[in-house]
file start-v9.txt (compact mmCIF, C-alpha atoms)
# COMPACT_ATOMS: atom_id res chain seq x y z
CA MET A 1 67.03 127.30 112.72
CA THR A 2 70.57 128.76 113.15
CA PRO A 3 72.26 127.14 116.16
CA ARG A 4 72.65 129.55 119.07
CA PHE A 5 76.23 128.45 119.55
CA PHE A 6 77.31 129.91 116.23
CA ARG A 7 75.25 133.03 116.61
CA SER A 8 76.71 133.93 120.03
CA ARG A 9 80.35 133.05 119.40
CA LEU A 10 80.58 134.16 115.76
CA PRO A 11 77.92 136.80 115.17
CA VAL A 12 79.03 137.80 111.68
CA SER A 13 79.43 134.41 110.02
CA GLY A 14 76.98 132.49 112.26
CA ALA A 15 74.19 132.35 109.69
CA VAL A 16 76.53 131.13 106.97
CA LEU A 17 78.13 128.49 109.21
CA GLY A 18 74.70 127.36 110.37
CA LEU A 19 73.56 126.91 106.81
CA MET A 20 76.71 124.93 106.05
CA ALA A 21 76.13 122.74 109.10
CA MET A 22 72.59 121.97 107.94
CA PHE A 23 73.89 120.86 104.55
CA TRP A 24 76.62 118.83 106.23
CA PHE A 25 74.14 116.97 108.48
CA ASP A 26 71.85 116.42 105.53
CA GLY A 27 74.77 114.82 103.67
CA VAL A 28 75.57 112.50 106.59
CA ILE A 29 71.99 111.28 106.77
CA ARG A 30 71.83 110.66 103.03
CA SER A 31 75.06 108.70 102.95
CA HIS A 32 74.16 106.39 105.90
CA ALA A 33 70.45 105.79 105.56
CA GLN A 34 69.41 103.14 103.06
CA ALA A 35 67.41 104.19 100.07
CA PRO A 36 63.87 102.77 100.13
CA GLY A 37 64.23 99.08 99.43
CA PRO A 38 65.03 95.82 101.17
CA ALA A 39 66.54 95.69 104.66
CA ARG A 40 67.20 92.60 106.78
CA ILE A 41 67.01 91.57 110.41
CA SER A 42 68.23 88.14 111.46
CA MET A 43 67.08 86.10 114.48
CA LYS A 44 70.00 84.09 115.76
CA ASP A 45 70.91 82.77 119.23
CA PHE A 46 67.71 84.33 120.62
CA MET A 47 68.64 87.85 119.43
CA PHE A 48 67.45 90.22 116.72
CA SER A 49 70.30 91.77 114.72
CA PRO A 50 71.02 94.55 113.96
CA VAL A 51 69.36 96.52 116.76
CA PRO A 52 68.40 99.17 116.00
CA LEU A 53 67.97 98.99 112.24
CA THR A 54 67.70 102.36 110.52
CA VAL A 55 65.89 102.55 107.17
CA SER A 56 64.31 105.27 105.06
CA ALA A 57 60.55 105.60 104.67
CA GLY A 58 59.16 103.21 102.10
CA SER A 59 61.63 100.43 102.95
CA THR A 60 60.57 96.81 103.32
CA VAL A 61 62.19 95.02 106.25
CA THR A 62 62.57 91.23 106.12
CA TRP A 63 63.15 89.13 109.25
CA THR A 64 64.84 85.73 108.86
CA ASN A 65 64.95 83.09 111.62
CA LEU A 66 68.33 81.34 111.75
CA ASP A 67 67.65 79.43 115.02
CA ASP A 68 66.35 75.87 115.48
CA GLU A 69 63.62 77.38 117.66
CA PRO A 70 60.73 79.31 116.06
CA HIS A 71 60.51 83.07 116.56
CA THR A 72 58.02 85.83 115.79
CA ALA A 73 58.24 89.59 115.21
CA VAL A 74 55.34 91.38 116.90
CA SER A 75 54.99 95.17 116.96
CA ASP A 76 54.44 96.71 120.41
CA THR A 77 51.67 98.87 118.91
CA GLY A 78 50.00 96.10 116.90
CA LEU A 79 51.20 97.56 113.57
CA PHE A 80 52.58 94.21 112.40
CA ARG A 81 52.64 90.62 113.63
CA SER A 82 54.37 87.71 111.97
CA GLY A 83 53.22 84.16 112.46
CA ALA A 84 55.66 81.67 113.93
CA MET A 85 58.73 81.55 111.70
CA ASP A 86 60.45 78.19 111.67
CA THR A 87 64.13 77.82 110.77
CA ASN A 88 65.00 79.86 107.64
CA GLU A 89 61.45 81.20 107.29
CA THR A 90 60.96 84.93 106.74
CA PHE A 91 58.47 87.73 107.36
CA SER A 92 58.40 91.13 105.64
CA PHE A 93 56.74 94.47 106.41
CA LYS A 94 56.90 97.82 104.54
CA PHE A 95 57.48 100.94 106.63
CA ASP A 96 55.96 104.02 104.97
CA THR A 97 55.90 106.43 107.90
CA PRO A 98 58.95 107.84 109.72
CA GLY A 99 59.11 106.89 113.37
CA THR A 100 60.56 104.45 115.90
CA TYR A 101 59.05 100.97 115.93
CA HIS A 102 59.66 98.50 118.76
CA PHE A 103 58.95 94.79 118.41
CA THR A 104 59.43 91.53 120.35
CA CYS A 105 59.36 87.79 119.74
CA SER A 106 56.10 86.65 121.31
CA ILE A 107 57.55 83.19 121.97
CA HIS A 108 60.70 84.57 123.65
CA PRO A 109 59.69 88.05 124.83
CA ARG A 110 63.15 88.89 126.11
CA MET A 111 64.08 89.18 122.41
CA VAL A 112 63.44 92.84 121.56
CA GLY A 113 64.29 94.98 118.55
CA THR A 114 63.85 98.49 117.16
CA ILE A 115 63.47 99.87 113.65
CA ILE A 116 64.04 103.60 113.08
CA VAL A 117 62.36 104.88 109.93
CA ARG A 118 63.60 108.28 108.69
CA MET B 119 57.53 52.67 162.61
CA SER B 120 54.37 53.90 160.91
CA ASP B 121 54.18 54.17 157.12
CA ASP B 122 54.13 57.94 157.48
CA LYS B 123 57.32 58.08 159.49
CA LYS B 124 58.92 55.50 157.27
CA LEU B 125 58.27 57.60 154.18
CA GLN B 126 59.35 60.82 155.87
CA SER B 127 62.57 59.29 157.18
CA ARG B 128 63.43 58.40 153.61
CA ARG B 129 62.74 61.91 152.47
CA ASN B 130 66.14 63.45 153.13
CA ALA B 131 68.10 60.46 151.93
CA LEU B 132 66.11 60.31 148.72
CA ARG B 133 65.76 64.01 148.01
CA CYS B 134 69.02 63.92 146.07
CA MET B 135 67.50 61.30 143.79
CA ALA B 136 64.54 63.47 142.92
CA TYR B 137 66.20 64.83 139.80
CA GLY B 138 67.26 61.44 138.44
CA GLY B 139 65.99 60.36 135.06
CA ALA B 140 64.66 56.96 136.03
CA GLY B 141 61.39 58.19 137.51
CA THR B 142 60.53 59.49 140.94
CA LEU B 143 57.46 59.19 143.08
CA PHE B 144 56.26 62.19 145.05
CA ALA B 145 53.91 61.83 147.97
CA LEU B 146 52.26 64.97 149.27
CA SER B 147 50.56 64.39 152.59
CA GLY B 148 49.37 67.24 154.77
CA GLY B 149 51.79 69.55 152.97
CA VAL B 150 54.81 67.30 153.45
CA PHE B 151 56.45 66.34 150.21
CA SER B 152 58.19 62.96 150.17
CA PRO B 153 60.16 61.92 147.11
CA VAL B 154 60.66 58.16 146.76
CA ASP B 155 62.62 56.66 143.91
CA LEU B 156 60.44 54.45 141.74
CA ALA B 157 62.84 51.52 141.98
CA ILE B 158 62.52 51.55 145.78
CA ALA B 159 58.80 52.29 145.71
CA ALA B 160 58.26 49.25 143.49
CA THR B 161 59.69 46.96 146.18
CA ASP B 162 57.70 48.64 148.94
CA LYS B 163 54.17 47.40 148.20
CA ARG B 164 52.75 48.56 151.51
CA GLY B 165 54.19 52.04 151.09
CA THR B 166 53.03 52.56 147.53
CA ALA B 167 49.59 51.04 148.07
CA ARG B 168 48.73 53.91 150.38
CA LEU B 169 49.53 56.35 147.58
CA GLY B 170 46.11 55.67 146.16
CA LYS B 171 44.22 55.74 142.89
CA PRO B 172 45.62 57.54 139.85
CA LEU B 173 43.62 60.74 139.35
CA PHE B 174 45.25 62.25 136.31
CA VAL B 175 48.30 62.21 134.08
CA GLN B 176 50.02 65.43 133.06
CA ILE B 177 51.31 65.51 129.49
CA SER B 178 53.24 68.58 128.38
CA ASP B 179 55.08 70.24 125.53
CA THR B 180 54.23 67.74 122.80
CA HIS B 181 55.37 70.29 120.15
CA ILE B 182 53.71 68.48 117.25
CA GLY B 183 55.33 69.90 114.09
CA PHE B 184 58.86 70.02 115.51
CA ASN B 185 61.27 68.14 113.23
CA LYS B 186 64.80 69.29 114.08
CA ASP B 187 67.82 67.23 115.18
CA ALA B 188 66.88 67.25 118.87
CA ASN B 189 64.01 64.87 117.97
CA PRO B 190 63.10 64.32 114.30
CA ASP B 191 60.02 62.24 115.27
CA VAL B 192 57.96 63.91 118.01
CA ASN B 193 54.88 61.96 116.88
CA MET B 194 56.64 58.72 117.74
CA THR B 195 57.74 59.88 121.21
CA LEU B 196 54.20 61.11 121.92
CA ALA B 197 52.89 57.73 120.75
CA GLN B 198 55.32 56.04 123.17
CA THR B 199 54.09 58.32 125.95
CA ILE B 200 50.48 57.38 125.14
CA ASP B 201 51.44 53.68 125.23
CA LEU B 202 52.98 54.27 128.66
CA VAL B 203 49.77 55.89 129.95
CA ASN B 204 47.52 53.32 128.28
CA GLY B 205 49.61 50.61 129.94
CA MET B 206 48.97 51.83 133.48
CA THR B 207 47.26 49.09 135.51
CA GLU B 208 44.62 51.51 136.68
CA GLN B 209 43.69 54.18 134.15
CA PRO B 210 43.69 57.82 135.29
CA ALA B 211 40.36 59.63 135.30
CA LEU B 212 41.74 62.63 133.42
CA ILE B 213 44.56 63.80 131.20
CA ILE B 214 45.90 67.33 131.69
CA HIS B 215 47.99 68.89 128.93
CA THR B 216 50.01 71.89 130.11
CA GLY B 217 50.55 73.48 126.72
CA ASP B 218 52.73 73.73 123.65
CA ILE B 219 50.53 71.10 122.06
CA THR B 220 51.92 72.29 118.71
CA HIS B 221 55.21 73.83 117.66
CA LEU B 222 53.95 76.57 115.31
CA SER B 223 50.19 76.93 116.03
CA LYS B 224 49.36 75.49 112.61
CA ALA B 225 45.97 73.92 111.96
CA ALA B 226 47.59 70.77 110.57
CA GLU B 227 49.70 70.42 113.72
CA PHE B 228 46.65 70.72 116.00
CA ASP B 229 44.81 68.17 113.83
CA GLU B 230 47.71 65.75 114.03
CA ALA B 231 47.97 66.18 117.82
CA GLN B 232 44.26 65.50 118.27
CA GLN B 233 44.55 62.42 116.09
CA LEU B 234 47.37 61.12 118.30
CA PHE B 235 45.53 61.99 121.55
CA SER B 236 42.47 60.07 120.35
CA ARG B 237 44.36 56.85 121.07
CA LEU B 238 44.46 57.58 124.82
CA ARG B 239 42.24 55.15 126.75
CA THR B 240 41.34 58.04 129.05
CA SER B 241 39.25 60.29 126.86
CA GLU B 242 38.72 63.28 129.19
CA MET B 243 41.48 65.80 128.46
CA HIS B 244 41.86 69.32 129.84
CA THR B 245 44.33 71.75 128.28
CA VAL B 246 45.91 75.17 128.63
CA PRO B 247 47.84 76.74 125.73
CA GLY B 248 51.56 77.43 125.54
CA GLU B 249 53.10 80.35 123.69
CA HIS B 250 53.80 78.02 120.75
CA ASP B 251 50.03 77.41 120.47
CA THR B 252 49.15 81.12 120.37
CA THR B 253 51.41 82.64 117.71
CA ASP B 254 48.38 83.57 115.59
CA ALA B 255 47.11 86.92 116.87
CA THR B 256 43.60 85.72 117.63
CA VAL B 257 44.52 82.28 119.04
CA THR B 258 41.93 80.95 116.60
CA GLU B 259 43.42 77.52 115.97
CA TYR B 260 43.77 76.70 119.68
CA PHE B 261 40.40 78.10 120.75
CA ASN B 262 38.56 76.44 117.85
CA ARG B 263 39.60 73.08 119.27
CA PHE B 264 40.14 73.63 123.00
CA GLY B 265 38.34 76.90 123.79
CA LYS B 266 34.93 75.52 124.80
CA ALA B 267 35.77 74.91 128.49
CA SER B 268 36.88 78.51 128.98
CA ASN B 269 34.54 80.24 126.52
CA ASN B 270 37.67 81.19 124.55
CA LYS B 271 39.21 82.97 127.54
CA GLY B 272 41.87 80.35 128.30
CA TYR B 273 41.10 80.07 132.04
CA TYR B 274 38.48 77.83 133.66
CA SER B 275 37.89 75.47 136.57
CA PHE B 276 36.21 72.14 137.25
CA ASP B 277 35.91 69.58 140.03
CA HIS B 278 36.79 65.92 140.01
CA SER B 279 36.98 63.41 142.89
CA GLY B 280 36.72 66.23 145.43
CA VAL B 281 39.70 68.05 143.90
CA HIS B 282 39.21 71.56 142.48
CA PHE B 283 41.15 72.09 139.24
CA ILE B 284 42.02 75.54 137.87
CA GLY B 285 43.47 75.96 134.37
CA LEU B 286 45.15 79.33 133.76
CA ILE B 287 46.64 81.12 130.74
CA ASN B 288 49.90 83.05 131.14
CA VAL B 289 51.21 83.21 127.56
CA LEU B 290 49.22 86.07 125.97
CA GLU B 291 50.87 89.04 127.66
CA PHE B 292 54.46 89.36 128.79
CA LYS B 293 56.28 91.60 131.21
CA PRO B 294 59.31 93.46 129.80
CA GLY B 295 62.09 90.89 129.86
CA GLY B 296 59.76 88.02 129.09
CA LEU B 297 58.00 86.73 132.21
CA GLY B 298 54.45 85.50 131.59
CA THR B 299 51.45 87.42 132.87
CA LEU B 300 48.07 86.37 134.27
CA GLY B 301 46.55 89.85 134.22
CA SER B 302 43.95 91.54 136.41
CA ASP B 303 40.88 90.06 134.69
CA GLN B 304 42.07 86.51 135.23
CA LEU B 305 43.12 87.18 138.85
CA ALA B 306 39.69 88.69 139.57
CA TRP B 307 38.13 85.55 138.12
CA VAL B 308 40.33 83.39 140.41
CA ASP B 309 39.08 85.46 143.39
CA ALA B 310 35.48 84.72 142.50
CA ASP B 311 36.23 81.07 141.75
CA LEU B 312 37.88 80.46 145.15
CA LYS B 313 35.73 82.74 147.28
CA TYR B 314 33.35 80.21 148.82
CA ARG B 315 35.63 77.21 148.65
CA SER B 316 36.63 75.47 151.87
CA ALA B 317 40.33 75.62 152.78
CA SER B 318 40.29 71.82 153.02
CA THR B 319 39.53 71.45 149.29
CA PRO B 320 42.60 70.08 147.50
CA ILE B 321 43.50 72.50 144.69
CA VAL B 322 45.36 71.71 141.47
CA VAL B 323 46.43 74.74 139.40
CA PHE B 324 47.84 74.16 135.93
CA ALA B 325 49.30 76.64 133.44
CA HIS B 326 51.97 76.48 130.78
CA MET B 327 54.72 78.80 132.01
CA PRO B 328 56.04 78.24 135.54
CA LEU B 329 53.96 80.04 138.15
CA TRP B 330 57.06 80.79 140.14
CA THR B 331 60.34 82.26 138.96
CA VAL B 332 62.58 79.42 137.87
CA TYR B 333 64.98 81.61 135.84
CA GLU B 334 64.11 85.21 135.08
CA PRO B 335 66.72 85.91 132.32
CA TRP B 336 65.00 83.30 130.14
CA GLY B 337 61.50 84.38 131.13
CA TRP B 338 60.92 81.14 133.09
CA GLY B 339 58.30 82.54 135.42
CA THR B 340 55.12 84.58 135.68
CA GLY B 341 55.48 88.26 136.62
CA ASP B 342 52.28 88.55 138.68
CA SER B 343 52.24 85.01 140.10
CA GLU B 344 52.61 86.28 143.69
CA GLN B 345 49.11 87.74 143.39
CA LEU B 346 47.88 84.24 142.58
CA MET B 347 49.86 82.64 145.44
CA SER B 348 48.38 85.07 147.96
CA ARG B 349 44.95 83.74 146.98
CA LEU B 350 46.04 80.09 147.31
CA ARG B 351 47.94 80.16 150.62
CA ARG B 352 44.88 79.56 152.80
CA PHE B 353 44.30 76.14 151.26
CA GLY B 354 45.67 73.02 152.92
CA SER B 355 46.83 71.29 149.75
CA VAL B 356 47.79 73.13 146.57
CA THR B 357 49.55 71.42 143.66
CA ILE B 358 50.84 73.72 140.91
CA LEU B 359 51.75 72.07 137.61
CA ASN B 360 53.51 73.72 134.70
CA GLY B 361 55.41 72.83 131.53
CA HIS B 362 57.41 75.15 129.27
CA ILE B 363 60.94 74.36 130.46
CA HIS B 364 61.03 70.70 129.32
CA GLN B 365 62.58 69.41 132.54
CA ILE B 366 61.56 68.68 136.10
CA VAL B 367 62.08 71.47 138.61
CA GLN B 368 60.16 71.59 141.86
CA LYS B 369 59.84 73.28 145.19
CA VAL B 370 57.59 73.25 148.21
CA GLU B 371 56.37 76.42 149.91
CA GLY B 372 54.09 75.89 152.88
CA ASN B 373 51.22 73.73 151.62
CA MET B 374 52.00 74.50 147.98
CA THR B 375 53.90 72.06 145.81
CA PHE B 376 55.32 73.43 142.53
CA HIS B 377 56.28 71.04 139.76
CA THR B 378 57.27 71.42 136.10
CA ALA B 379 56.92 68.44 133.76
CA ARG B 380 59.17 66.94 131.15
CA SER B 381 58.29 67.39 127.48
CA THR B 382 57.30 64.43 125.33
CA ALA B 383 59.18 66.04 122.39
CA TYR B 384 62.67 67.27 123.28
CA PRO B 385 64.71 68.36 126.31
CA GLN B 386 65.90 71.90 126.95
CA PRO B 387 69.11 73.03 128.65
CA ALA B 388 69.26 73.69 132.37
CA ALA B 389 68.65 77.33 133.31
CA GLY B 390 71.29 79.66 131.90
CA VAL B 391 73.27 77.01 130.01
CA GLY B 392 73.90 78.15 126.41
CA ALA B 393 72.44 80.93 124.27
CA GLY B 394 68.82 80.33 125.18
CA PRO B 395 66.04 77.85 125.94
CA GLY B 396 66.09 76.08 122.57
CA PRO B 397 65.97 72.37 121.74
CA LEU B 398 68.80 70.45 123.43
CA LYS B 399 70.41 67.82 121.23
CA VAL B 400 71.46 64.74 123.19
CA PRO B 401 72.77 61.36 121.97
CA ALA B 402 69.87 59.30 120.60
CA ASP B 403 70.18 56.63 123.30
CA GLN B 404 69.72 59.27 126.01
CA LEU B 405 66.67 61.02 124.56
CA ALA B 406 63.94 58.70 125.89
CA ALA B 407 65.20 59.12 129.47
CA MET B 408 64.66 62.89 129.14
CA LEU B 409 61.04 62.71 127.89
CA GLY B 410 58.00 61.66 129.88
CA VAL B 411 54.87 62.31 131.89
CA THR B 412 53.76 63.08 135.43
CA SER B 413 50.93 61.09 136.99
CA VAL B 414 49.05 62.35 140.02
CA SER B 415 47.08 60.12 142.38
CA VAL B 416 44.66 60.74 145.21
CA GLY B 417 46.24 59.60 148.45
CA LYS B 418 44.68 57.77 151.35
CA TYR B 419 44.35 60.88 153.51
CA PRO B 420 42.20 63.88 152.72
CA GLY B 421 44.18 66.44 150.79
CA ALA B 422 46.99 64.09 149.84
CA LEU B 423 48.04 64.11 146.21
CA VAL B 424 50.89 62.03 144.87
CA LEU B 425 53.10 63.05 141.94
CA ASN B 426 54.88 60.35 139.99
CA ASP B 427 57.27 61.18 137.14
CA THR B 428 57.96 58.53 134.52
CA THR B 429 60.15 58.69 131.43
CA ILE B 430 59.25 56.91 128.23
CA ALA B 431 62.56 55.02 128.55
CA ARG B 432 60.68 52.78 130.99
CA SER B 433 58.21 51.59 128.38

call {"tool": "encode", "arguments": {"input": "start-v9.txt", "output": "structure tokens"}}
result
Amino acid sequence: MTPRFFRSRLPVSGAVLGLMAMFWFDGVIRSHAQAPGPARISMKDFMFSPVPLTVSAGSTVTWTNLDDEPHTAVSDTGLFRSGAMDTNETFSFKFDTPGTYHFTCSIHPRMVGTIIVR
Amino acid sequence: MSDDKKLQSRRNALRCMAYGGAGTLFALSGGVFSPVDLAIAATDKRGTARLGKPLFVQISDTHIGFNKDANPDVNMTLAQTIDLVNGMTEQPALIIHTGDITHLSKAAEFDEAQQLFSRLRTSEMHTVPGEHDTTDATVTEYFNRFGKASNNKGYYSFDHSGVHFIGLINVLEFKPGGLGTLGSDQLAWVDADLKYRSASTPIVVFAHMPLWTVYEPWGWGTGDSEQLMSRLRRFGSVTILNGHIHQIVQKVEGNMTFHTARSTAYPQPAAGVGAGPGPLKVPADQLAAMLGVTSVSVGKYPGALVLNDTTIARS
């Protein structure tokens, strides 16, 4: 687990520094990832936003259509599929398993988005 | 000068009028495409008489369920379109709907559309779905009502008045970036369908999304359409009709005439204008001139089909 960089350049303190680095990265992830709970993606001007969206496992993501044109959110793997969302309509899905999930709007397939679940 | 030469000599002069909103008449004869403005055609009885009997009317993008500013009453504009068709002196044998019957694939929207269509004097209607009709994963609502002809596959063919009609579905799979897809199963079916057909048979192909690339950034095309075209090139007269883009765009390639129809519901921007292909809001007094139908007649000569675009502003 100890990064080779530290071990080769600083053989004595490498293990200690490596351990510190692991804690440091862990802290970064905790402070930026959302706790399990609600997260939002908007559909506006034929774009999903934000892309990508990063959430923690157990989060529920809600898509909201802000265009005059209907949109959908359809998983590339078939995991989820909204119906047509008219203006201001929403669709939600709960992500329990870490991974990267790609989706498109089946009405306007150039609209693509990604959700990263940690 | 013969009628033929007369029409062809007008072709260049009138080509620039082909995109006007007042209605344009298109004569396809032996692969030559001759646009004639309706106002001129109406005063040229001899010329238009040879254009023949109306075979079918193409209705497209009715979007029943749409209720935004671009057209708060799509039922009314469809009703006006139906009045226009019902008012034709000679009724067409068929109606072809090139998809987006509904806006959101809802059962109530399909029911309402069928109720409105039932007022057409011509009762024989053939349809293909648009992507707005297939937002439910199983396409249940569309196929429950319109799936019989294709055994719930979405593609099928039939013959009428010596013309071979092929309805195709290109809204279930998409290429990355958004172009429609026909897929290998459907293309294999087209092979079998055309295999023993004589090259002199006039062919009409209809599908929702354009079967040629009108504007790739907005997905206005079909990714594997060239594989379809290679199967159609041997025929002497091929007419390819699509909807989806809510405006008339056309081209001629050899003996193939490509044409997209207006919507009866709302216009869309020209390719690449604005954020995307959403409803285009225009002043209320301009809307009717941007909505309408395409009628197609059988010409005097074998293989000649005539396309005639009319807006509901004329009714």

call {"tool": "residues_around", "arguments": {"input": "start-v9.txt", "residues": "Arg118 of chain A", "least_positions_apart": "3", "cutoff": "7 Å", "atoms": "only C-alpha atoms", "output": "ChimeraX atom specification"}}
result
/A:55-57,98-99

call {"tool": "interface_residues", "arguments": {"input": "start-v9.txt", "of": "chain A", "to": "chain B", "cutoff": "9 Å", "atoms": "all atoms listed in the file", "output": "PDB file with C-alpha atoms, in the coordinates of the input"}}
result
ATOM      1  CA  ASP A  45      70.910  82.770 119.230  1.00  0.00           C
ATOM      2  CA  PHE A  46      67.710  84.330 120.620  1.00  0.00           C
ATOM      3  CA  ASP A  67      67.650  79.430 115.020  1.00  0.00           C
ATOM      4  CA  ASP A  68      66.350  75.870 115.480  1.00  0.00           C
ATOM      5  CA  GLU A  69      63.620  77.380 117.660  1.00  0.00           C
ATOM      6  CA  PRO A  70      60.730  79.310 116.060  1.00  0.00           C
ATOM      7  CA  THR A  72      58.020  85.830 115.790  1.00  0.00           C
ATOM      8  CA  ARG A  81      52.640  90.620 113.630  1.00  0.00           C
ATOM      9  CA  SER A  82      54.370  87.710 111.970  1.00  0.00           C
ATOM     10  CA  GLY A  83      53.220  84.160 112.460  1.00  0.00           C
ATOM     11  CA  ALA A  84      55.660  81.670 113.930  1.00  0.00           C
ATOM     12  CA  MET A  85      58.730  81.550 111.700  1.00  0.00           C
ATOM     13  CA  ASP A  86      60.450  78.190 111.670  1.00  0.00           C
ATOM     14  CA  SER A 106      56.100  86.650 121.310  1.00  0.00           C
ATOM     15  CA  ILE A 107      57.550  83.190 121.970  1.00  0.00           C
ATOM     16  CA  HIS A 108      60.700  84.570 123.650  1.00  0.00           C
ATOM     17  CA  PRO A 109      59.690  88.050 124.830  1.00  0.00           C
ATOM     18  CA  ARG A 110      63.150  88.890 126.110  1.00  0.00           C
ATOM     19  CA  MET A 111      64.080  89.180 122.410  1.00  0.00           C
ATOM     20  CA  VAL A 112      63.440  92.840 121.560  1.00  0.00           C
TER      21      VAL A 112
END

call {"tool": "atom_distance", "arguments": {"input": "start-v9.txt", "atom1": "atom CA of Phe91 of chain A", "atom2": "atom CA of Thr64 of chain A"}}
result
6.8 Å

call {"tool": "atom_distance", "arguments": {"input": "start-v9.txt", "atom1": "atom CA of Lys266 of chain B", "atom2": "atom CA of Ile321 of chain B"}}
result
21.9 Å

call {"tool": "atom_distance", "arguments": {"input": "start-v9.txt", "atom1": "atom CA of Arg380 of chain B", "atom2": "atom CA of Glu227 of chain B"}}
result
20.1 Å

call {"tool": "residues_around", "arguments": {"input": "start-v9.txt", "residues": "Ile219 of chain B", "least_positions_apart": "2", "cutoff": "12 Å", "atoms": "only C-alpha atoms", "output": "JSON, numbers by chain"}}
result
{"B": [177, 178, 179, 180, 181, 182, 183, 184, 192, 193, 196, 214, 215, 216, 217, 221, 222, 223, 224, 225, 226, 227, 228, 229, 230, 231, 232, 234, 235, 244, 245, 246, 247, 248, 249, 250, 251, 252, 259, 260, 263, 264, 326, 361, 362, 381, 382, 383]}

call {"tool": "closest_residue", "arguments": {"input": "start-v9.txt", "among": "B:Ala267, B:Ser415, B:Ile284, B:Ser318", "to": "Glu208 of chain B", "atoms": "only C-alpha atoms"}}
result
B:Ser415

call {"tool": "residues_around", "arguments": {"input": "start-v9.txt", "residues": "Val61 of chain A", "least_positions_apart": "6", "cutoff": "8 Å", "atoms": "all atoms listed in the file", "output": "list in words"}}
result
Pro38, Ala39, Arg40, Ile41, Ser92, Phe93, Lys94 and Phe95 of chain A

call {"tool": "residues_around", "arguments": {"input": "start-v9.txt", "residues": "Ala317 of chain B", "least_positions_apart": "4", "cutoff": "12 Å", "atoms": "all atoms listed in the file", "output": "number ranges by chain"}}
result
B: 281-282, 312-313, 321, 349-356, 373, 420-421

call {"tool": "residues_around", "arguments": {"input": "start-v9.txt", "residues": "Leu66 of chain A", "least_positions_apart": "5", "cutoff": "9 Å", "atoms": "all atoms listed in the file", "output": "PyMOL selection string"}}
result
chain A and resi 42-45+86-89

call {"tool": "closest_residue", "arguments": {"input": "start-v9.txt", "among": "A:Ala73, A:Ile115, A:Leu79, A:Val51", "to": "Tyr101 of chain A", "atoms": "only C-alpha atoms"}}
result
A:Ile115

call {"tool": "axis_aligned_box", "arguments": {"input": "start-v9.txt", "around": "segment 245-260 of chain B", "padding_each_side": "6 Å", "output": "AutoDock Vina command-line options"}}
result
--center_x 47.9 --center_y 79.3 --center_z 122.1 --size_x 23.9 --size_y 27.2 --size_z 25.0

call {"tool": "closest_residue", "arguments": {"input": "start-v9.txt", "among": "A:Thr90, A:His102, A:Pro36, A:Asp96", "to": "Asn65 of chain A", "atoms": "all atoms listed in the file"}}
result
A:Thr90

call {"tool": "decode", "arguments": {"input": "start-v9.txt", "residues": "segment 69-80 of chain A", "atoms": "N, CA and C atoms", "output": "PDB file, in the first residue's frame"}}
result
ATOM      1  N   GLU A  69     -39.083  21.298 -23.696  1.00  0.00           N
ATOM      2  CA  GLU A  69     -39.100  20.037 -24.449  1.00  0.00           C
ATOM      3  C   GLU A  69     -38.955  18.897 -23.440  1.00  0.00           C
ATOM      4  N   PRO A  70     -39.687  17.789 -23.603  1.00  0.00           N
ATOM      5  CA  PRO A  70     -39.529  16.686 -22.644  1.00  0.00           C
ATOM      6  C   PRO A  70     -38.170  16.007 -22.767  1.00  0.00           C
ATOM      7  N   HIS A  71     -37.712  15.452 -21.675  1.00  0.00           N
ATOM      8  CA  HIS A  71     -36.449  14.703 -21.659  1.00  0.00           C
ATOM      9  C   HIS A  71     -36.645  13.414 -20.866  1.00  0.00           C
ATOM     10  N   THR A  72     -35.716  12.490 -21.035  1.00  0.00           N
ATOM     11  CA  THR A  72     -35.698  11.269 -20.230  1.00  0.00           C
ATOM     12  C   THR A  72     -34.293  11.068 -19.682  1.00  0.00           C
ATOM     13  N   ALA A  73     -34.166  10.175 -18.702  1.00  0.00           N
ATOM     14  CA  ALA A  73     -32.852   9.738 -18.207  1.00  0.00           C
ATOM     15  C   ALA A  73     -32.853   8.218 -18.282  1.00  0.00           C
ATOM     16  N   VAL A  74     -32.046   7.672 -19.194  1.00  0.00           N
ATOM     17  CA  VAL A  74     -32.046   6.236 -19.442  1.00  0.00           C
ATOM     18  C   VAL A  74     -30.631   5.702 -19.264  1.00  0.00           C
ATOM     19  N   SER A  75     -30.483   4.757 -18.349  1.00  0.00           N
ATOM     20  CA  SER A  75     -29.182   4.153 -18.071  1.00  0.00           C
ATOM     21  C   SER A  75     -28.687   3.363 -19.282  1.00  0.00           C
ATOM     22  N   ASP A  76     -27.381   3.470 -19.574  1.00  0.00           N
ATOM     23  CA  ASP A  76     -26.796   2.717 -20.683  1.00  0.00           C
ATOM     24  C   ASP A  76     -26.877   1.214 -20.454  1.00  0.00           C
ATOM     25  N   THR A  77     -26.929   0.802 -19.169  1.00  0.00           N
ATOM     26  CA  THR A  77     -26.943  -0.634 -18.864  1.00  0.00           C
ATOM     27  C   THR A  77     -28.359  -1.146 -18.588  1.00  0.00           C
ATOM     28  N   GLY A  78     -29.352  -0.259 -18.638  1.00  0.00           N
ATOM     29  CA  GLY A  78     -30.715  -0.677 -18.352  1.00  0.00           C
ATOM     30  C   GLY A  78     -31.056  -0.649 -16.860  1.00  0.00           C
ATOM     31  N   LEU A  79     -30.153  -0.116 -16.035  1.00  0.00           N
ATOM     32  CA  LEU A  79     -30.385  -0.086 -14.581  1.00  0.00           C
ATOM     33  C   LEU A  79     -31.598   0.771 -14.221  1.00  0.00           C
ATOM     34  N   PHE A  80     -31.730   1.914 -14.894  1.00  0.00           N
ATOM     35  CA  PHE A  80     -32.892   2.773 -14.628  1.00  0.00           C
ATOM     36  C   PHE A  80     -33.368   3.406 -15.928  1.00  0.00           C
TER      37      PHE A  80
END
